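So this one's work-v1.json, JSON, C-alpha atoms:
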```json
[["chain", "number", "residue", "atom", "x", "y", "z"],
["D", 1, "PRO", "CA", -14.74, -82.64, -28.29],
["D", 2, "TYR", "CA", -12.04, -84.66, -26.51],
["D", 3, "THR", "CA", -9.70, -81.67, -26.60],
["D", 4, "THR", "CA", -12.38, -79.50, -25.02],
["D", 5, "LEU", "CA", -13.02, -82.14, -22.36],
["D", 6, "PHE", "CA", -9.35, -82.46, -21.49],
["D", 7, "ARG", "CA", -8.99, -78.69, -21.31],
["D", 8, "SER", "CA", -12.00, -78.51, -18.99],
["D", 9, "ILE", "CA", -10.53, -81.18, -16.72],
["D", 10, "PHE", "CA", -7.14, -79.43, -16.75],
["D", 11, "TYR", "CA", -8.64, -76.06, -15.85],
["D", 12, "SER", "CA", -10.80, -77.61, -13.13],
["D", 13, "GLU", "CA", -7.78, -79.33, -11.60],
["D", 14, "GLU", "CA", -5.75, -76.12, -11.75],
["D", 15, "LEU", "CA", -8.61, -74.18, -10.12],
["D", 16, "LEU", "CA", -8.94, -76.79, -7.38],
["D", 17, "LYS", "CA", -5.18, -76.70, -6.76],
["D", 18, "ASP", "CA", -5.21, -72.88, -6.55],
["D", 19, "ASN", "CA", -8.10, -72.99, -4.07],
["D", 20, "ILE", "CA", -6.30, -75.55, -1.90],
["D", 21, "ASP", "CA", -3.06, -73.52, -2.04],
["D", 22, "ASN", "CA", -4.94, -70.34, -1.09],
["D", 23, "LEU", "CA", -6.65, -72.11, 1.81],
["D", 24, "LYS", "CA", -3.27, -73.35, 3.09],
["D", 25, "LEU", "CA", -1.80, -69.88, 2.76],
["D", 26, "ALA", "CA", -4.77, -68.34, 4.59],
["D", 27, "ASN", "CA", -4.25, -70.77, 7.49],
["D", 28, "GLN", "CA", -0.54, -69.98, 7.58],
["D", 29, "LEU", "CA", -1.31, -66.28, 7.45],
["D", 30, "GLN", "CA", -3.53, -66.55, 10.50],
["D", 31, "TYR", "CA", -0.65, -68.22, 12.31],
["D", 32, "ALA", "CA", 1.69, -65.48, 11.07],
["D", 33, "ILE", "CA", -0.58, -62.75, 12.45],
["D", 34, "LYS", "CA", -0.68, -64.35, 15.89],
["D", 35, "ASN", "CA", 3.03, -65.19, 16.01],
["D", 36, "ARG", "CA", 4.46, -61.92, 14.73],
["D", 37, "GLU", "CA", 5.81, -63.13, 11.40],
["D", 38, "LEU", "CA", 4.58, -59.91, 9.83],
["D", 39, "THR", "CA", 6.83, -56.89, 9.92],
["D", 40, "LEU", "CA", 6.82, -53.34, 8.59],
["D", 41, "TYR", "CA", 9.35, -52.08, 6.11],
["D", 42, "TYR", "CA", 9.61, -48.39, 5.31],
["D", 43, "GLN", "CA", 10.28, -46.94, 1.87],
["D", 44, "PRO", "CA", 11.87, -43.49, 2.16],
["D", 45, "GLN", "CA", 10.29, -40.58, 0.32],
["D", 46, "PHE", "CA", 12.67, -37.85, -0.79],
["D", 47, "SER", "CA", 12.34, -34.16, -1.48],
["D", 48, "LEU", "CA", 13.37, -33.95, -5.13],
["D", 49, "SER", "CA", 14.75, -30.45, -4.62],
["D", 50, "SER", "CA", 16.94, -31.13, -1.58],
["D", 51, "GLY", "CA", 17.45, -34.91, -1.70],
["D", 52, "LYS", "CA", 16.52, -35.23, 1.98],
["D", 53, "ILE", "CA", 14.23, -37.90, 3.41],
["D", 54, "THR", "CA", 10.93, -36.19, 4.25],
["D", 55, "GLY", "CA", 8.81, -39.22, 4.98],
["D", 56, "VAL", "CA", 8.30, -42.96, 4.59],
["D", 57, "GLU", "CA", 5.61, -45.30, 3.36],
["D", 58, "ALA", "CA", 4.84, -48.16, 5.75],
["D", 59, "LEU", "CA", 4.68, -51.47, 3.87],
["D", 60, "VAL", "CA", 3.77, -54.83, 5.38],
["D", 61, "ARG", "CA", 6.09, -57.77, 4.76],
["D", 62, "TRP", "CA", 5.66, -61.46, 5.60],
["D", 63, "ILE", "CA", 8.83, -63.39, 6.37],
["D", 64, "HIS", "CA", 7.79, -67.04, 6.55],
["D", 65, "PRO", "CA", 10.14, -69.22, 8.68],
["D", 66, "GLU", "CA", 10.28, -71.90, 5.94],
["D", 67, "MET", "CA", 9.21, -70.24, 2.67],
["D", 68, "GLY", "CA", 11.03, -66.99, 3.34],
["D", 69, "PHE", "CA", 9.74, -63.74, 1.88],
["D", 70, "ILE", "CA", 6.14, -63.93, 0.63],
["D", 71, "PRO", "CA", 5.22, -60.96, -1.60],
["D", 72, "PRO", "CA", 2.30, -58.77, -0.45],
["D", 73, "ASP", "CA", 0.55, -59.20, -3.81],
["D", 74, "LYS", "CA", 0.33, -62.91, -2.98],
["D", 75, "PHE", "CA", -1.11, -62.75, 0.53],
["D", 76, "ILE", "CA", -2.98, -59.42, 0.66],
["D", 77, "PRO", "CA", -5.68, -60.49, -1.87],
["D", 78, "ILE", "CA", -6.21, -63.67, 0.17],
["D", 79, "ALA", "CA", -6.42, -61.62, 3.36],
["D", 80, "GLU", "CA", -9.07, -59.42, 1.73],
["D", 81, "GLU", "CA", -11.10, -62.47, 0.68],
["D", 82, "THR", "CA", -10.96, -64.09, 4.12],
["D", 83, "GLY", "CA", -11.44, -60.90, 6.15],
["D", 84, "GLN", "CA", -7.98, -61.24, 7.71],
["D", 85, "ILE", "CA", -7.16, -57.87, 6.18],
["D", 86, "TYR", "CA", -8.96, -56.12, 9.06],
["D", 87, "GLU", "CA", -6.68, -57.63, 11.69],
["D", 88, "ILE", "CA", -3.59, -57.03, 9.54],
["D", 89, "GLU", "CA", -4.58, -53.44, 8.88],
["D", 90, "LYS", "CA", -5.10, -52.66, 12.54],
["D", 91, "TRP", "CA", -1.69, -54.15, 13.29],
["D", 92, "ILE", "CA", -0.09, -52.02, 10.54],
["D", 93, "ILE", "CA", -1.73, -48.83, 11.82],
["D", 94, "ASN", "CA", -0.83, -49.53, 15.44],
["D", 95, "THR", "CA", 2.80, -50.34, 14.55],
["D", 96, "ALA", "CA", 3.20, -47.28, 12.33],
["D", 97, "LEU", "CA", 1.66, -44.91, 14.90],
["D", 98, "HIS", "CA", 3.87, -46.36, 17.62],
["D", 99, "GLN", "CA", 6.87, -45.71, 15.39],
["D", 100, "LYS", "CA", 5.70, -42.13, 14.84],
["D", 101, "ALA", "CA", 5.62, -41.67, 18.62],
["D", 102, "LEU", "CA", 9.19, -43.00, 18.83],
["D", 103, "PHE", "CA", 10.28, -40.61, 16.07],
["D", 104, "GLU", "CA", 8.88, -37.71, 18.07],
["D", 105, "GLN", "CA", 10.66, -38.88, 21.23],
["D", 106, "ASP", "CA", 13.92, -38.90, 19.24],
["D", 107, "GLY", "CA", 13.36, -35.38, 17.93],
["D", 108, "ARG", "CA", 12.30, -36.44, 14.43],
["D", 109, "GLU", "CA", 8.87, -34.81, 14.50],
["D", 110, "ASP", "CA", 9.10, -33.76, 10.85],
["D", 111, "ILE", "CA", 9.20, -37.30, 9.39],
["D", 112, "ASP", "CA", 5.90, -38.15, 7.69],
["D", 113, "ILE", "CA", 4.55, -41.71, 7.78],
["D", 114, "SER", "CA", 2.18, -42.83, 5.03],
["D", 115, "ILE", "CA", -0.23, -45.66, 5.81],
["D", 116, "ASN", "CA", -2.35, -47.46, 3.23],
["D", 117, "LEU", "CA", -6.05, -47.80, 4.04],
["D", 118, "SER", "CA", -7.84, -50.61, 2.22],
["D", 119, "SER", "CA", -11.16, -50.35, 0.43],
["D", 120, "LYS", "CA", -12.49, -52.94, 2.90],
["D", 121, "ALA", "CA", -11.79, -50.74, 5.92],
["D", 122, "LEU", "CA", -13.15, -47.65, 4.23],
["D", 123, "ALA", "CA", -16.37, -49.37, 3.14],
["D", 124, "SER", "CA", -17.16, -51.25, 6.36],
["D", 125, "GLU", "CA", -18.82, -49.10, 9.02],
["D", 126, "MET", "CA", -17.79, -51.38, 11.90],
["D", 127, "ASN", "CA", -14.18, -51.73, 10.76],
["D", 128, "PHE", "CA", -13.79, -48.07, 9.89],
["D", 129, "TYR", "CA", -14.98, -47.20, 13.40],
["D", 130, "ALA", "CA", -12.29, -49.52, 14.82],
["D", 131, "VAL", "CA", -9.65, -47.89, 12.61],
["D", 132, "GLU", "CA", -10.83, -44.39, 13.52],
["D", 133, "LYS", "CA", -10.70, -45.26, 17.23],
["D", 134, "LEU", "CA", -7.16, -46.63, 16.84],
["D", 135, "PHE", "CA", -6.00, -43.52, 15.00],
["D", 136, "SER", "CA", -7.26, -41.23, 17.75],
["D", 137, "SER", "CA", -5.66, -43.28, 20.54],
["D", 138, "TYR", "CA", -2.13, -41.87, 20.16],
["D", 139, "ASP", "CA", -0.85, -38.56, 21.46],
["D", 140, "ILE", "CA", 1.16, -37.64, 18.36],
["D", 141, "ASP", "CA", 1.29, -34.91, 15.73],
["D", 142, "TYR", "CA", -1.16, -36.26, 13.16],
["D", 143, "THR", "CA", -0.23, -33.59, 10.62],
["D", 144, "HIS", "CA", 2.72, -35.85, 9.80],
["D", 145, "ILE", "CA", 0.51, -38.89, 9.16],
["D", 146, "THR", "CA", -0.75, -39.49, 5.61],
["D", 147, "ILE", "CA", -3.53, -41.92, 4.73],
["D", 148, "GLU", "CA", -3.23, -43.42, 1.26],
["D", 149, "ILE", "CA", -6.33, -44.60, -0.56],
["D", 150, "THR", "CA", -6.90, -45.83, -4.11],
["D", 151, "GLU", "CA", -9.71, -44.72, -6.37],
["D", 152, "THR", "CA", -11.08, -48.27, -6.37],
["D", 153, "ALA", "CA", -11.60, -47.82, -2.62],
["D", 154, "ILE", "CA", -14.06, -44.97, -3.13],
["D", 155, "ILE", "CA", -15.62, -45.66, -6.53],
["D", 156, "SER", "CA", -18.61, -47.68, -5.21],
["D", 157, "ASP", "CA", -19.77, -45.10, -2.67],
["D", 158, "ILE", "CA", -17.94, -41.84, -2.99],
["D", 159, "GLY", "CA", -20.25, -40.03, -0.57],
["D", 160, "THR", "CA", -19.51, -42.39, 2.31],
["D", 161, "ALA", "CA", -15.80, -42.36, 1.48],
["D", 162, "VAL", "CA", -15.70, -38.55, 1.57],
["D", 163, "ASP", "CA", -17.47, -38.44, 4.95],
["D", 164, "ARG", "CA", -15.10, -40.98, 6.49],
["D", 165, "LEU", "CA", -11.98, -39.35, 5.09],
["D", 166, "LYS", "CA", -13.11, -36.01, 6.50],
["D", 167, "LYS", "CA", -13.29, -37.63, 9.94],
["D", 168, "LEU", "CA", -9.65, -38.62, 9.64],
["D", 169, "LYS", "CA", -8.69, -35.17, 8.39],
["D", 170, "LYS", "CA", -10.21, -33.66, 11.54],
["D", 171, "LEU", "CA", -7.41, -35.37, 13.47],
["D", 172, "GLY", "CA", -4.96, -33.45, 11.28],
["D", 173, "MET", "CA", -4.02, -36.24, 8.89],
["D", 174, "LYS", "CA", -3.38, -35.72, 5.18],
["D", 175, "ILE", "CA", -5.09, -37.81, 2.51],
["D", 176, "ALA", "CA", -3.21, -39.11, -0.51],
["D", 177, "LEU", "CA", -4.84, -40.46, -3.67],
["D", 178, "ASP", "CA", -2.65, -43.45, -4.53],
["D", 179, "ASP", "CA", -1.98, -44.97, -7.97],
["D", 180, "PHE", "CA", -3.32, -41.90, -9.77],
["D", 181, "GLY", "CA", -3.40, -42.46, -13.51],
["D", 182, "THR", "CA", -4.61, -46.05, -13.49],
["D", 183, "GLY", "CA", -7.86, -47.94, -13.20],
["D", 184, "TYR", "CA", -10.81, -45.67, -12.52],
["D", 185, "SER", "CA", -8.82, -42.45, -12.50],
["D", 186, "SER", "CA", -11.04, -39.48, -13.03],
["D", 187, "LEU", "CA", -10.29, -35.78, -12.79],
["D", 188, "ILE", "CA", -13.63, -35.34, -11.01],
["D", 189, "HIS", "CA", -12.13, -37.17, -8.00],
["D", 190, "LEU", "CA", -9.55, -34.42, -7.65],
["D", 191, "LYS", "CA", -12.41, -32.04, -7.02],
["D", 192, "GLU", "CA", -14.71, -34.21, -4.90],
["D", 193, "LEU", "CA", -12.28, -35.99, -2.59],
["D", 194, "PRO", "CA", -10.76, -34.22, 0.46],
["D", 195, "ILE", "CA", -7.22, -34.99, -0.67],
["D", 196, "ASP", "CA", -3.93, -33.19, -0.12],
["D", 197, "ILE", "CA", -1.56, -35.39, -2.12],
["D", 198, "VAL", "CA", -1.64, -37.12, -5.50],
["D", 199, "LYS", "CA", 0.62, -40.13, -5.98],
["D", 200, "LEU", "CA", 1.59, -40.73, -9.60],
["D", 201, "ASP", "CA", 1.44, -44.43, -10.42],
["D", 202, "ARG", "CA", 4.71, -46.19, -11.26],
["D", 203, "SER", "CA", 3.36, -47.23, -14.67],
["D", 204, "PHE", "CA", 3.25, -43.55, -15.67],
["D", 205, "ILE", "CA", 6.75, -42.91, -14.33],
["D", 206, "LYS", "CA", 8.10, -45.93, -16.18],
["D", 207, "GLY", "CA", 6.59, -44.58, -19.39],
["D", 208, "ILE", "CA", 8.57, -41.33, -19.25],
["D", 209, "GLU", "CA", 11.46, -42.94, -21.09],
["D", 210, "GLY", "CA", 10.91, -43.13, -24.82],
["D", 211, "ASP", "CA", 7.21, -42.23, -24.65],
["D", 212, "SER", "CA", 6.58, -38.58, -25.45],
["D", 213, "LYS", "CA", 2.80, -38.84, -24.96],
["D", 214, "ASN", "CA", 3.20, -40.35, -21.51],
["D", 215, "ALA", "CA", 5.72, -37.68, -20.55],
["D", 216, "MET", "CA", 3.35, -34.95, -21.72],
["D", 217, "ILE", "CA", 0.54, -36.43, -19.61],
["D", 218, "ILE", "CA", 2.76, -36.38, -16.52],
["D", 219, "LYS", "CA", 3.76, -32.79, -17.22],
["D", 220, "ALA", "CA", 0.08, -31.81, -17.56],
["D", 221, "ILE", "CA", -0.80, -33.58, -14.27],
["D", 222, "LEU", "CA", 2.05, -31.80, -12.48],
["D", 223, "TYR", "CA", 0.85, -28.42, -13.74],
["D", 224, "LEU", "CA", -2.79, -29.21, -12.87],
["D", 225, "THR", "CA", -2.08, -30.45, -9.35],
["D", 226, "LYS", "CA", 0.14, -27.46, -8.67],
["D", 227, "ASP", "CA", -2.72, -25.12, -9.64],
["D", 228, "LEU", "CA", -5.04, -27.13, -7.35],
["D", 229, "ASN", "CA", -2.47, -26.79, -4.53],
["D", 230, "TYR", "CA", -1.90, -30.54, -4.19],
["D", 231, "GLU", "CA", 1.48, -32.07, -3.40],
["D", 232, "VAL", "CA", 2.64, -34.71, -5.90],
["D", 233, "VAL", "CA", 4.56, -37.84, -4.97],
["D", 234, "ALA", "CA", 6.03, -39.87, -7.85],
["D", 235, "GLU", "CA", 6.20, -43.61, -7.21],
["D", 236, "GLY", "CA", 8.49, -46.17, -8.77],
["D", 237, "ILE", "CA", 11.41, -43.94, -9.81],
["D", 238, "GLU", "CA", 14.00, -46.33, -11.20],
["D", 239, "SER", "CA", 16.23, -44.29, -13.53],
["D", 240, "ILE", "CA", 18.13, -41.00, -13.66],
["D", 241, "GLU", "CA", 16.15, -39.99, -16.74],
["D", 242, "GLN", "CA", 12.85, -40.35, -14.88],
["D", 243, "LEU", "CA", 14.18, -38.40, -11.91],
["D", 244, "GLU", "CA", 15.56, -35.58, -14.06],
["D", 245, "TYR", "CA", 12.24, -35.20, -15.88],
["D", 246, "LEU", "CA", 10.30, -35.04, -12.60],
["D", 247, "ILE", "CA", 12.70, -32.46, -11.15],
["D", 248, "LYS", "CA", 12.50, -30.40, -14.34],
["D", 249, "TYR", "CA", 8.72, -30.10, -14.02],
["D", 250, "LYS", "CA", 8.77, -29.41, -10.27],
["D", 251, "CYS", "CA", 7.49, -32.67, -8.81],
["D", 252, "GLN", "CA", 7.99, -32.19, -5.06],
["D", 253, "THR", "CA", 8.49, -35.71, -3.72],
["D", 254, "GLY", "CA", 9.56, -39.09, -5.02],
["D", 255, "GLN", "CA", 10.19, -42.66, -4.00],
["D", 256, "GLY", "CA", 11.57, -45.66, -5.86],
["D", 257, "TYR", "CA", 14.33, -48.23, -6.14],
["D", 258, "LEU", "CA", 16.70, -45.68, -7.66],
["D", 259, "MET", "CA", 16.86, -43.89, -4.33],
["D", 260, "SER", "CA", 15.92, -46.62, -1.86],
["D", 261, "ARG", "CA", 14.08, -49.89, -1.66],
["D", 262, "PRO", "CA", 11.78, -50.50, 1.33],
["D", 263, "ILE", "CA", 14.06, -51.03, 4.34],
["D", 264, "THR", "CA", 13.86, -52.15, 7.95],
["D", 265, "ILE", "CA", 13.30, -49.62, 10.70],
["D", 266, "GLU", "CA", 16.89, -50.18, 11.85],
["D", 267, "ASP", "CA", 18.28, -49.26, 8.41],
["D", 268, "LEU", "CA", 15.94, -46.27, 8.20],
["D", 269, "CYS", "CA", 17.02, -44.93, 11.59],
["D", 270, "GLU", "CA", 20.65, -45.29, 10.52],
["D", 271, "LYS", "CA", 20.00, -43.23, 7.39],
["D", 272, "LEU", "CA", 18.22, -40.57, 9.44],
["D", 273, "GLU", "CA", 20.97, -40.55, 12.06],
["D", 274, "PHE", "CA", 23.63, -39.81, 9.46],
["D", 275, "GLY", "CA", 21.48, -37.30, 7.57],
["D", 276, "PHE", "CA", 21.38, -39.41, 4.39],
["D", 277, "GLU", "CA", 20.62, -37.42, 1.21],
["D", 278, "TRP", "CA", 20.13, -38.63, -2.33],
["D", 279, "LYS", "CA", 21.93, -36.62, -4.98],
["D", 280, "LEU", "CA", 22.15, -36.85, -8.76]]
```
Would you mind writing the file's structure down as structure tokens?
Amino acid sequence: PYTTLFRSIFYSEELLKDNIDNLKLANQLQYAIKNRELTLYYQPQFSLSSGKITGVEALVRWIHPEMGFIPPDKFIPIAEETGQIYEIEKWIINTALHQKALFEQDGREDIDISINLSSKALASEMNFYAVEKLFSSYDIDYTHITIEITETAIISDIGTAVDRLKKLKKLGMKIALDDFGTGYSSLIHLKELPIDIVKLDRSFIKGIEGDSKNAMIIKAILYLTKDLNYEVVAEGIESIEQLEYLIKYKCQTGQGYLMSRPITIEDLCEKLEFGFEWKL
């Protein structure tokens, strides 16, 4: 009984500490939003046939003046709990669209920018309206903008999700189903959702090496999506073996640390300026 009591006290203290830490981080995050501590990094996406950069995924980063880099998986869940995610998301969208406009001014019209849309924004009528209004406020070629959603974002109300995604597609944007192969993945979503791109989750890509069953699943997905006329983007490519397998079975696009980590806009523009290509 004493052991159980001590464990209960320990867990309660740990829970209290976590709650206090999260509250502090939420307060610091609000300060960060107002004082421009957030920044966008861009992870290049490469054509696996040519090695050229065809697009980028916009990823938010928080560089704290004292604590340094704070990982997104630490502050994004807190932002979703507190509702700060709405403000962050609008900032991400606005920054990414502004960058797309700059690309077009520099003659780089063909660079795609992928932007993640949270389940919160997709589910909330008021916040989706704000996002939709922001998307339509730029005079850019929206056919080179991709909206990434996860299946968890649409699982609770697929009908509403489909209607809202169709509104974005009317602007010309493409829709990508992110993290395919994990969580609630269902083949029925490939039929029901108005998607153009399937993003293979990094856990599948990692499993290519030394896992014949996993490799066979990826091969089957690549064949299926090709027949359905969807583009496939492989995430989390970290080895030559993974890349060679994906090229062998005609995966069109890939991103991962093997080819490039997420980088600043300055580093990205330098790569584009010099026509950077990734080759085996």
Determine the nearest neighbour of D:Arg108 from the options D:Ile175, D:Ala32, D:Ile53, D:Asp267, counting only C-alpha atoms. D:Ile53
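Counting from atom CA of D:Val233, the distance to atom CA of D:Trp278 is 15.8 Å.
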Report as a PyMOL selection string all protein, DNA and RNA residues lying within 10 Å of D:Trp62, evaluated on all atoms listed in the file, omitting residues in the same chain fewer than 5 positions from it. chain D and resi 29+32-33+36-40+67-72+75
Expected file: the selected residues, C-alpha atoms, as a PDB file, in the frame of the given file:
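In the end it all went to result_10.pdb:
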```pdb
ATOM      1  CA  LEU D  29      -1.310 -66.280   7.450  1.00  0.00           C
ATOM      2  CA  ALA D  32       1.690 -65.480  11.070  1.00  0.00           C
ATOM      3  CA  ILE D  33      -0.580 -62.750  12.450  1.00  0.00           C
ATOM      4  CA  ARG D  36       4.460 -61.920  14.730  1.00  0.00           C
ATOM      5  CA  GLU D  37       5.810 -63.130  11.400  1.00  0.00           C
ATOM      6  CA  LEU D  38       4.580 -59.910   9.830  1.00  0.00           C
ATOM      7  CA  THR D  39       6.830 -56.890   9.920  1.00  0.00           C
ATOM      8  CA  LEU D  40       6.820 -53.340   8.590  1.00  0.00           C
ATOM      9  CA  MET D  67       9.210 -70.240   2.670  1.00  0.00           C
ATOM     10  CA  GLY D  68      11.030 -66.990   3.340  1.00  0.00           C
ATOM     11  CA  PHE D  69       9.740 -63.740   1.880  1.00  0.00           C
ATOM     12  CA  ILE D  70       6.140 -63.930   0.630  1.00  0.00           C
ATOM     13  CA  PRO D  71       5.220 -60.960  -1.600  1.00  0.00           C
ATOM     14  CA  PRO D  72       2.300 -58.770  -0.450  1.00  0.00           C
ATOM     15  CA  PHE D  75      -1.110 -62.750   0.530  1.00  0.00           C
TER      16      PHE D  75
END
```
So which residues are close to (-5.6, -29.4, -1.7), meaning at most 7 Å away in the file's coordinates with only C-alpha atoms counted, and can you show them as number ranges by chain? D: 195-196, 228-230
Between atom CA of D:Asp112 and atom CA of D:Leu200, measure the distance and give it in Å to one decimal.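 Atom-to-atom, atom CA of D:Asp112 to atom CA of D:Leu200, that is 18.0 Å.
Each of D:Ser124, D:Gln45, D:Asn116, D:Ser239 was checked against D:Ile88 using only C-alpha atoms; the smallest atom-to-atom distance is that of D:Asn116.
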Starting from the point (-16.9, -33.5, -2.3), work out which residues of protein, DNA or RNA have an atom no more than 10 Å away when counting all atoms listed in the file; state them as a list in words. Ile158, Gly159, Ala161, Val162, Asp163, Lys166, Ile188, His189, Leu190, Lys191, Glu192, Leu193, Pro194 and Ile195 of chain D
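The shortest atom-to-atom distance to D:Glu273, with only C-alpha atoms taken into account, belongs to D:Gly107 out of D:Ser49, D:Ser114, D:Ser137, D:Gly107.
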Atom CA of D:Ile20 to atom CA of D:Leu59, straight-line distance in Å: 27.1 Å
Rank D:Lys74, D:Leu48, D:Gly55, D:Asn35 by their smallest atom-to-atom distance to D:Asp21, using all atoms listed in the file, and report the top residue only.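 The shortest atom-to-atom distance to D:Asp21 comes from D:Lys74.
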Please identify all polymer residues within 9 Å of stretch 97-106 of chain D, counting all atoms listed in the file, omitting same-chain residues fewer than 2 positions from it, and present them as a PyMOL selection string. chain D and resi 92-95+108-113+135+138-141+144-145+265
Neighbour list for D:Ser50 as a ChimeraX atom specification, cut-off 10 Å, all atoms listed in the file, skip fewer than 5 positions in-chain: /D:252-253,277-279
Selected residues written out, C-alpha atoms, as a short mmCIF file (atom, residue, chain, number, x, y, z; two decimals), keeping the file's coordinate frame:
```
data_model
loop_
_atom_site.label_atom_id
_atom_site.label_comp_id
_atom_site.auth_asym_id
_atom_site.auth_seq_id
_atom_site.Cartn_x
_atom_site.Cartn_y
_atom_site.Cartn_z
CA GLN D 252 7.99 -32.19 -5.06
CA THR D 253 8.49 -35.71 -3.72
CA GLU D 277 20.62 -37.42 1.21
CA TRP D 278 20.13 -38.63 -2.33
CA LYS D 279 21.93 -36.62 -4.98
#
```
Residue among D:Ile63, D:Leu187, D:Ile78, D:Leu177 lying closest to D:Asp201, counting only C-alpha atoms: D:Leu177
Taking into account all atoms listed in the file, which residue in the set D:Gln255, D:Asn27, D:Asn214, D:Gln84 is nearest to D:Leu243?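 Checking each of D:Gln255, D:Asn27, D:Asn214, D:Gln84 against D:Leu243, counting all atoms listed in the file, the winner is D:Gln255.
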If you count only C-alpha atoms, which residues fall within 8 Å of D:Ile240, apart from same-chain ones fewer than 4 positions away, as a PyMOL selection string? chain D and resi 244+258+280
